[in-house]
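**Student:** Got upload31.txt for you, compact mmCIF, C-alpha atoms:
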# COMPACT_ATOMS: atom_id res chain seq x y z
CA ALA B 1 0.00 0.00 0.00
CA HIS B 2 2.74 2.44 1.02
CA ALA B 3 6.39 2.96 0.15
CA ASP B 4 7.73 1.71 3.48
CA ASP B 5 5.52 -1.41 3.79
CA PRO B 6 7.76 -3.88 1.89
CA ALA B 7 10.88 -3.01 3.89
CA ILE B 8 9.16 -2.89 7.28
CA PHE B 9 6.88 -5.91 7.00
CA ALA B 10 8.78 -8.27 4.69
CA GLY B 11 12.20 -6.79 3.95
CA GLY B 12 14.20 -9.72 5.31
CA VAL B 13 12.19 -12.26 3.30
CA LEU B 14 12.34 -10.15 0.12
CA ALA B 15 16.12 -9.82 0.46
CA MET B 16 16.38 -13.57 1.06
CA PHE B 17 14.30 -14.30 -2.05
CA ALA B 18 16.38 -11.87 -4.12
CA GLU B 19 19.61 -13.52 -2.95
CA ALA B 20 18.15 -16.89 -3.99
CA GLY B 21 17.70 -15.56 -7.52
CA TRP B 22 14.02 -14.61 -7.46
CA ARG B 23 13.11 -11.63 -9.64
CA ILE B 24 10.96 -9.37 -7.46
CA HIS B 25 8.60 -6.67 -8.74
CA ALA B 26 7.06 -4.17 -6.32
CA LEU B 27 3.78 -2.40 -6.92
CA ARG B 28 3.42 0.73 -4.78
CA VAL B 29 -0.26 1.61 -4.71
CA THR B 30 -0.42 5.00 -2.96
CA ASP B 31 1.62 8.18 -3.35
CA ASP B 32 2.28 8.66 0.41
CA ARG B 33 1.46 12.37 0.06
CA TRP B 34 0.65 12.76 3.78
CA ASP B 35 3.53 10.68 5.12
CA SER B 36 5.89 13.46 6.24
CA VAL B 37 6.33 16.18 8.83
CA GLY B 38 6.56 19.84 7.77
CA LEU B 39 6.90 19.22 4.03
CA PRO B 40 4.52 20.22 1.23
CA GLU B 41 2.59 17.37 -0.38
CA ALA B 42 4.48 17.54 -3.69
CA GLU B 43 7.85 17.27 -1.96
CA THR B 44 6.55 14.47 0.26
CA ILE B 45 5.41 12.50 -2.81
CA THR B 46 8.80 13.00 -4.49
CA ARG B 47 10.85 12.07 -1.41
CA ASN B 48 8.80 8.98 -0.63
CA ALA B 49 9.09 7.78 -4.23
CA GLN B 50 12.88 8.26 -4.17
CA GLU B 51 13.20 6.56 -0.80
CA PHE B 52 11.04 3.67 -2.02
CA ARG B 53 13.38 3.12 -4.95
CA ALA B 54 16.45 3.28 -2.72
CA ALA B 55 14.92 0.74 -0.32
CA ALA B 56 13.93 -1.52 -3.23
CA LYS B 57 17.51 -1.44 -4.47
CA ALA B 58 18.80 -2.31 -1.00
CA LEU B 59 16.47 -5.34 -0.90
CA GLY B 60 17.36 -6.50 -4.41
CA ILE B 61 13.95 -5.72 -5.90
CA ALA B 62 14.25 -5.84 -9.70
CA SER B 63 11.57 -3.34 -10.66
CA VAL B 64 9.01 -1.02 -9.15
CA GLN B 65 5.78 0.51 -10.39
CA ASP B 66 3.72 3.29 -8.82
CA LEU B 67 -0.06 3.38 -9.22
CA GLY B 68 -0.08 6.87 -7.67
CA LEU B 69 -3.40 6.62 -5.84
CA GLN B 70 -3.88 9.09 -3.02
CA THR B 71 -2.70 7.75 0.31
CA ASP B 72 -4.96 7.09 3.30
CA VAL B 73 -8.17 7.17 1.25
CA LEU B 74 -8.16 3.81 -0.57
CA GLY B 75 -11.48 3.21 1.18
CA ASP B 76 -12.97 5.73 -1.27
CA VAL B 77 -11.54 3.98 -4.35
CA SER B 78 -13.67 1.48 -6.23
CA ARG B 79 -12.58 -1.99 -5.11
CA VAL B 80 -13.21 -3.29 -8.63
CA ALA B 81 -11.09 -0.50 -10.16
CA LEU B 82 -8.24 -1.20 -7.72
CA ARG B 83 -8.48 -4.93 -8.39
CA GLU B 84 -8.30 -4.21 -12.15
CA ARG B 85 -4.99 -2.33 -11.73
CA ILE B 86 -3.59 -5.27 -9.78
CA ILE B 87 -4.86 -7.77 -12.37
CA HIS B 88 -3.15 -5.65 -15.04
CA ALA B 89 0.13 -5.79 -13.11
CA ILE B 90 -0.20 -9.56 -12.64
CA ARG B 91 -0.83 -10.10 -16.34
CA ARG B 92 2.08 -7.84 -17.26
CA GLU B 93 4.68 -9.27 -14.86
CA LYS B 94 3.39 -12.89 -14.74
CA PRO B 95 4.59 -13.58 -11.19
CA TYR B 96 4.88 -16.99 -9.62
CA ALA B 97 3.62 -15.62 -6.29
CA LEU B 98 2.03 -12.53 -4.76
CA MET B 99 2.99 -11.00 -1.41
CA CYS B 100 0.72 -8.58 0.43
CA PHE B 101 -1.06 -7.89 3.69
CA ASP B 102 -3.09 -10.82 5.01
CA PRO B 103 -6.79 -10.35 4.15
CA ASN B 104 -7.63 -12.77 6.97
CA SER B 105 -6.04 -10.61 9.67
CA LEU B 106 -8.03 -7.49 8.91
CA PHE B 107 -9.54 -7.43 12.38
CA TYR B 108 -6.07 -6.68 13.76
CA GLU B 109 -5.17 -4.08 11.11
CA ASP B 110 -5.81 -0.41 11.81
CA ASN B 111 -4.83 1.01 8.42
CA LEU B 112 -7.71 1.03 5.91
CA ASP B 113 -5.30 1.24 2.94
CA HIS B 114 -3.78 -2.08 4.07
CA LYS B 115 -7.22 -3.68 4.43
CA VAL B 116 -8.52 -2.52 1.06
CA LEU B 117 -5.34 -3.56 -0.75
CA ALA B 118 -5.32 -6.98 0.95
CA GLU B 119 -8.84 -7.69 -0.27
CA ALA B 120 -8.10 -6.44 -3.80
CA VAL B 121 -4.92 -8.54 -4.12
CA ASP B 122 -6.68 -11.61 -2.74
CA GLU B 123 -9.38 -11.30 -5.42
CA ALA B 124 -6.93 -10.38 -8.19
CA PHE B 125 -5.00 -13.58 -7.42
CA TRP B 126 -7.76 -15.72 -8.90
CA THR B 127 -9.53 -13.29 -11.26
CA ALA B 128 -6.34 -12.52 -13.22
CA MET B 129 -6.46 -16.00 -14.72
CA PHE B 130 -9.96 -15.67 -16.22
CA ASP B 131 -10.46 -14.32 -19.74
CA LYS B 132 -13.81 -12.70 -18.87
CA HIS B 133 -12.23 -10.36 -16.32
CA HIS B 134 -10.96 -7.22 -18.06
CA PRO B 135 -10.59 -8.49 -21.62
CA GLU B 136 -9.54 -4.94 -22.58
CA HIS B 137 -6.07 -5.96 -21.33
CA PHE B 138 -5.71 -8.35 -24.24
CA ALA B 139 -5.57 -5.48 -26.76
CA GLU B 140 -2.27 -4.55 -25.03
CA GLY B 141 -0.88 -8.02 -25.67
CA LEU B 142 -1.57 -9.26 -22.15
CA ALA B 143 -3.13 -12.64 -21.40
CA PRO B 144 -4.75 -14.31 -18.39
CA HIS B 145 -2.20 -15.40 -15.81
CA GLY B 146 -2.56 -17.52 -12.70
CA CYS B 147 -0.13 -17.14 -9.83
CA VAL B 148 0.82 -20.27 -7.92
CA GLU B 149 1.22 -18.96 -4.37
CA ARG B 150 0.11 -16.13 -2.07
CA TRP B 151 2.40 -14.94 0.72
CA TYR B 152 0.75 -12.76 3.36
CA PHE B 153 2.09 -10.67 6.21
CA GLY B 154 0.53 -8.36 8.78
CA ARG B 155 0.70 -6.79 12.20
CA SER B 156 -0.96 -9.81 13.82
CA ILE B 157 -1.59 -12.99 11.86
CA PRO B 158 -4.37 -15.30 13.11
CA ALA B 159 -2.82 -18.45 11.57
CA VAL B 160 0.91 -18.48 10.85
CA THR B 161 1.75 -20.99 8.13
CA HIS B 162 5.41 -20.18 7.40
CA VAL B 163 8.27 -18.78 9.40
CA PHE B 164 11.49 -17.64 7.74
CA ASP B 165 14.84 -17.24 9.43
CA THR B 166 15.93 -13.86 8.09
CA SER B 167 18.92 -13.41 10.38
CA ALA B 168 21.22 -13.49 7.33
CA THR B 169 19.32 -10.64 5.66
CA LEU B 170 18.39 -8.57 8.71
CA ASP B 171 21.11 -6.00 7.99
CA ARG B 172 19.75 -5.51 4.45
CA GLN B 173 16.24 -5.10 5.84
CA MET B 174 17.43 -2.48 8.32
CA GLN B 175 19.32 -0.69 5.51
CA ALA B 176 16.11 -0.65 3.45
CA VAL B 177 14.01 0.60 6.38
CA ALA B 178 16.56 3.37 7.01
CA CYS B 179 16.05 4.57 3.42
CA HIS B 180 12.55 5.70 4.46
CA ALA B 181 13.66 8.77 6.43
CA THR B 182 10.56 10.80 5.49
CA PRO B 183 7.86 8.39 6.76
CA ILE B 184 9.98 7.29 9.74
CA ALA B 185 10.19 10.91 10.88
CA ASN B 186 6.39 11.08 10.55
CA MET B 187 5.96 7.89 12.59
CA ALA B 188 8.33 9.17 15.29
CA ARG B 189 6.40 12.43 15.45
CA GLN B 190 3.20 10.50 16.23
CA TYR B 191 4.78 9.10 19.40
CA ALA B 192 6.41 12.34 20.55
Could you render the structure as structure tokens?

**Tutor:**
Amino acid sequence: AHADDPAIFAGGVLAMFAEAGWRIHALRVTDDRWDSVGLPEAETITRNAQEFRAAAKALGIASVQDLGLQTDVLGDVSRVALRERIIHAIRREKPYALMCFDPNSLFYEDNLDHKVLAEAVDEAFWTAMFDKHHPEHFAEGLAPHGCVERWYFGRSIPAVTHVFDTSATLDRQMQAVACHATPIANMARQYA
């Protein structure tokens, strides 16, 4: 949902996958325009985008794409329209697996952007493989694509199915998290 989510929630695993030779693509959904302290929105958007790319590089992420939706108001976005953008990305990149917030732990999640995205990704996982869902994509040369696995993370997971030892990539995760100086300053300000 936000620029800092991959590094904070799954950075060690992403770095581990990258080191194992996986090609990782990151889809940043929002523009993080309100995730700063004392900066104008335009500068906040620019800084968070730059920091996202620096963190992605630190984790070994091969490519990034920004949808540019306004942050903290995904609840106002059509769920079908958001799902369509994710289906488009799935059909374009043809991933083996998807990684996102756990749609089953939404009770424990306090960020609506995370909840909305989790539901959209969960539906896009299976709808991307059907030719009746968004056939307009086919005019661009895209085709239905089915991912094999879904990997979910969250603040509190009701049923943990996998645990990864990321001790070997913890330093890379911390390096990636440190790239997000703008949102980290905003988070620290909330607790001051």

**Student:** Nearest to Val163 of chain B among B:Ile86, B:Ala10, B:Leu67, B:Met129, with distances taken over all atoms listed in the file: which residue is it?

**Tutor:**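 Closest to Val163 of chain B, using all atoms listed in the file: B:Ala10.
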
**Student:** Write out as a list in words each polymer residue whose atoms come within 7 Å of segment 112-120 of chain B, counting only C-alpha atoms; drop sequence neighbours fewer than 6 positions from it.

**Tutor:**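 Contacts, with the query itself left out: Ala1, Asp72, Val73, Leu74, Gly75, Arg79, Leu82, Arg83, Cys100, Phe101, Asp102, Pro103 and Leu106 of chain B.
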
**Student:** For His137 of chain B, work out the shell of residues within 10 Å, counting all atoms listed in the file and skipping chain neighbours fewer than 2 positions away, then give it as a PDB file with C-alpha atoms, in the coordinates of the input.

**Tutor:**
ATOM      1  CA  GLU B  84      -8.300  -4.210 -12.150  1.00  0.00           C
ATOM      2  CA  ILE B  87      -4.860  -7.770 -12.370  1.00  0.00           C
ATOM      3  CA  HIS B  88      -3.150  -5.650 -15.040  1.00  0.00           C
ATOM      4  CA  ARG B  91      -0.830 -10.100 -16.340  1.00  0.00           C
ATOM      5  CA  ARG B  92       2.080  -7.840 -17.260  1.00  0.00           C
ATOM      6  CA  ASP B 131     -10.460 -14.320 -19.740  1.00  0.00           C
ATOM      7  CA  HIS B 133     -12.230 -10.360 -16.320  1.00  0.00           C
ATOM      8  CA  HIS B 134     -10.960  -7.220 -18.060  1.00  0.00           C
ATOM      9  CA  PRO B 135     -10.590  -8.490 -21.620  1.00  0.00           C
ATOM     10  CA  ALA B 139      -5.570  -5.480 -26.760  1.00  0.00           C
ATOM     11  CA  GLU B 140      -2.270  -4.550 -25.030  1.00  0.00           C
ATOM     12  CA  GLY B 141      -0.880  -8.020 -25.670  1.00  0.00           C
ATOM     13  CA  LEU B 142      -1.570  -9.260 -22.150  1.00  0.00           C
ATOM     14  CA  ALA B 143      -3.130 -12.640 -21.400  1.00  0.00           C
ATOM     15  CA  PRO B 144      -4.750 -14.310 -18.390  1.00  0.00           C
TER      16      PRO B 144
END

**Student:** Would you pick out the contacts of His25 of chain B at 8 Å or less, using all atoms listed in the file, so that residues sharing its chain but fewer than 3 positions from it are not included, and give the list as a PyMOL selection string?

**Tutor:** chain B and resi 61-65+93

**Student:** Emit the selected residues as a short mmCIF file (atom, residue, chain, number, x, y, z; two decimals), keeping the file's coordinate frame, including C-alpha atoms.

**Tutor:**
data_model
loop_
_atom_site.label_atom_id
_atom_site.label_comp_id
_atom_site.auth_asym_id
_atom_site.auth_seq_id
_atom_site.Cartn_x
_atom_site.Cartn_y
_atom_site.Cartn_z
CA ILE B 61 13.95 -5.72 -5.90
CA ALA B 62 14.25 -5.84 -9.70
CA SER B 63 11.57 -3.34 -10.66
CA VAL B 64 9.01 -1.02 -9.15
CA GLN B 65 5.78 0.51 -10.39
CA GLU B 93 4.68 -9.27 -14.86
#

**Student:** Take the point (6.4, 6.1, 7.0) as written in the file and pick out every residue within 10 Å of it, counting all atoms listed in the file; give the list as a PyMOL selection string.

**Tutor:** chain B and resi 2-5+8+32+34-36+48+177+180-188

**Student:** For Lys94 of chain B, which of B:Cys147, B:Ala81, B:Asp122, B:Ala42 is the closest residue, counting only C-alpha atoms?

**Tutor:**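 Under the stated criterion, the closest residue is B:Cys147.
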
**Student:** Which residues are near Arg150 of chain B? Cut-off 9 Å, all atoms listed in the file, ignore same chain within fewer than 2 positions. Put them as a PyMOL selection string.

**Tutor:** chain B and resi 96-100+122+125+147-148+152

**Student:** B:Asp31, B:Leu69, B:Ala159, B:Val13: which is nearest Glu43 of chain B, counting only C-alpha atoms?

**Tutor:**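 Closest residue, counting only C-alpha atoms: B:Asp31.
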